[in-house]
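Dropping structure-v1.txt in here (compact mmCIF, C-alpha atoms):
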# COMPACT_ATOMS: atom_id res chain seq x y z
CA MET A 17 -193.39 123.85 -44.39
CA THR A 18 -189.75 123.91 -43.31
CA ARG A 19 -188.33 127.42 -43.14
CA PRO A 20 -184.62 128.07 -43.84
CA HIS A 21 -184.07 129.64 -40.42
CA ASP A 22 -185.50 126.52 -38.76
CA VAL A 23 -182.97 124.36 -40.61
CA GLY A 24 -180.10 126.64 -39.59
CA ARG A 25 -181.14 126.71 -35.95
CA TRP A 26 -181.65 122.96 -35.73
CA ARG A 27 -178.50 122.25 -37.71
CA GLY A 28 -176.46 123.97 -35.02
CA ARG A 29 -178.30 122.19 -32.23
CA ILE A 30 -178.05 118.71 -33.74
CA ARG A 31 -174.39 119.28 -34.69
CA ALA A 32 -173.65 120.27 -31.08
CA GLU A 33 -175.43 117.20 -29.70
CA TYR A 34 -173.55 114.83 -32.03
CA SER A 35 -170.29 116.58 -31.06
CA GLU A 36 -171.08 116.03 -27.37
CA MET A 37 -171.92 112.35 -27.98
CA PRO A 38 -169.75 111.27 -30.95
CA GLY A 39 -170.76 107.60 -30.79
CA ILE A 40 -174.51 108.23 -30.96
CA GLN A 41 -176.44 106.61 -33.83
CA LEU A 42 -180.08 107.59 -34.22
CA THR A 43 -182.87 107.27 -36.77
CA ILE A 44 -184.75 110.32 -38.02
CA ARG A 45 -187.72 109.39 -35.81
CA GLN A 46 -185.52 109.07 -32.73
CA ILE A 47 -183.91 112.44 -33.43
CA SER A 48 -187.31 114.01 -33.96
CA GLN A 49 -188.58 112.69 -30.63
CA LEU A 50 -185.39 113.33 -28.66
CA TRP A 51 -185.08 116.99 -29.62
CA ASN A 52 -188.77 117.68 -30.29
CA VAL A 53 -188.35 118.74 -33.91
CA ASP A 54 -190.84 117.86 -36.64
CA VAL A 55 -189.81 115.06 -39.02
CA ARG A 56 -189.81 117.31 -42.10
CA THR A 57 -187.41 119.83 -40.55
CA CYS A 58 -185.36 117.00 -39.10
CA GLY A 59 -185.00 115.44 -42.56
CA ALA A 60 -183.85 118.74 -44.07
CA VAL A 61 -181.31 119.24 -41.28
CA LEU A 62 -179.95 115.71 -41.56
CA LYS A 63 -179.69 116.02 -45.33
CA ALA A 64 -177.65 119.22 -44.89
CA LEU A 65 -175.37 117.63 -42.28
CA VAL A 66 -174.77 114.60 -44.50
CA LYS A 67 -174.09 116.82 -47.51
CA GLU A 68 -171.46 118.80 -45.61
CA GLY A 69 -169.82 115.56 -44.43
CA PHE A 70 -170.54 115.96 -40.73
CA LEU A 71 -172.94 112.99 -40.54
CA VAL A 72 -173.28 109.73 -42.44
CA ARG A 73 -176.44 107.71 -42.98
CA SER A 74 -176.02 103.97 -42.59
CA VAL A 75 -177.89 101.17 -44.34
CA ASP A 76 -180.06 100.73 -41.24
CA GLU A 77 -181.07 104.40 -41.66
CA THR A 78 -179.31 105.66 -38.56
CA TYR A 79 -177.27 108.85 -38.58
CA ALA A 80 -173.83 109.01 -36.96
CA ARG A 81 -170.84 111.35 -36.95
CA ALA A 82 -169.01 110.85 -40.22
CA ARG A 83 -165.64 109.83 -38.79
CA VAL A 84 -167.20 107.72 -36.04
CA GLY A 85 -169.47 106.07 -38.64
CA VAL A 86 -166.47 105.09 -40.78
CA GLU A 87 -164.67 103.64 -37.76
CA THR A 88 -167.78 101.68 -36.73
CA ALA A 89 -168.15 100.27 -40.25
CA LEU A 90 -164.48 99.26 -40.30
CA GLN A 91 -164.79 97.53 -36.93
CA GLY A 92 -167.83 95.62 -38.17
CA ALA A 93 -165.98 94.53 -41.31
CA ARG A 94 -163.01 93.35 -39.23
CA ARG A 95 -165.30 91.33 -36.97
CA ALA A 96 -167.01 89.76 -39.96
CA ARG A 97 -163.67 88.73 -41.48
CA SER A 98 -162.42 87.27 -38.21
CA GLY A 99 -165.64 85.33 -37.69
CA ALA A 100 -166.36 87.02 -34.37
Reformat the file's structure so that it appears as structure tokens.
Amino acid sequence: MTRPHDVGRWRGRIRAEYSEMPGIQLTIRQISQLWNVDVRTCGAVLKALVKEGFLVRSVDETYARARVGVETALQGARRARSGA
């Protein structure tokens, strides 16, 4: 069972890591393995970070910084339009 204090502690840690590496895009499993946090807690933390607008979840189920994620999506759309 995920405890509220676990979510708060991990939320700060994962937020700090994404702030240090703003271009990082990871799946829930990758995050769980990288920072050694169980998948259930990881899911609760990611849900909270998405809800507050810090992270975005992409269609390929990776999580990225919200602003960086928007910029990446825009770059992909521009490439698609240009045929690159």
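Nearest to Ala82 of chain A of all the residues A:Arg45, A:Ser98, A:Asp54, A:Ile40 is A:Ile40, based on all atoms listed in the file.
Considering all atoms listed in the file, the residue among A:Glu68, A:Ile47, A:Ala80, A:Gly59 positioned nearest to Asp22 of chain A is A:Gly59.
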- Message: Could you check which residues have any atom within 10 Å of (-180.8, 101.3, -38.5), counting all atoms listed in the file with coordinates taken straight from the file, and then list them as a PyMOL selection string?
- Response: chain A and resi 41-44+73-79
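Atom CA of Val55 of chain A to atom CA of Ala32 of chain A spans 18.7 Å [interatomic distance, one decimal].
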- Determine, counting all atoms listed in the file, which protein, DNA and RNA residues have an atom within 10 Å of an atom of Trp26 of chain A; residues of the same chain fewer than 2 positions away are not included. Present the result as a PyMOL selection string. chain A and resi 21-24+28-32+51+53+57-58+60-62
- Task: Using atom CA of Pro38 of chain A and atom CA of Leu50 of chain A as the two end points, give the distance in Å to one decimal.
- Result: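 Result for atom CA of Pro38 of chain A versus atom CA of Leu50 of chain A: 15.9 Å, one decimal.
Take atom CA of Tyr34 of chain A and atom CA of Arg81 of chain A: the distance between them is 6.6 Å.
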If I wrap all listed atoms of segment 42-48 of chain A in a box with edges along x, y and z and add 3 Å on each side, what are its centre and edge lengths in Å to one decimal, as lines of an AutoDock Vina configuration file?
center_x = -183.9
center_y = 110.6
center_z = -35.4
size_x = 13.6
size_y = 12.7
size_z = 11.3
- Looking at all atoms listed in the file, which of A:Arg83, A:Arg27, A:Gln46, A:Gly39 is the one that sits closest to Gly69 of chain A?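 Answer, going by the shortest atom-to-atom distance: A:Arg83.
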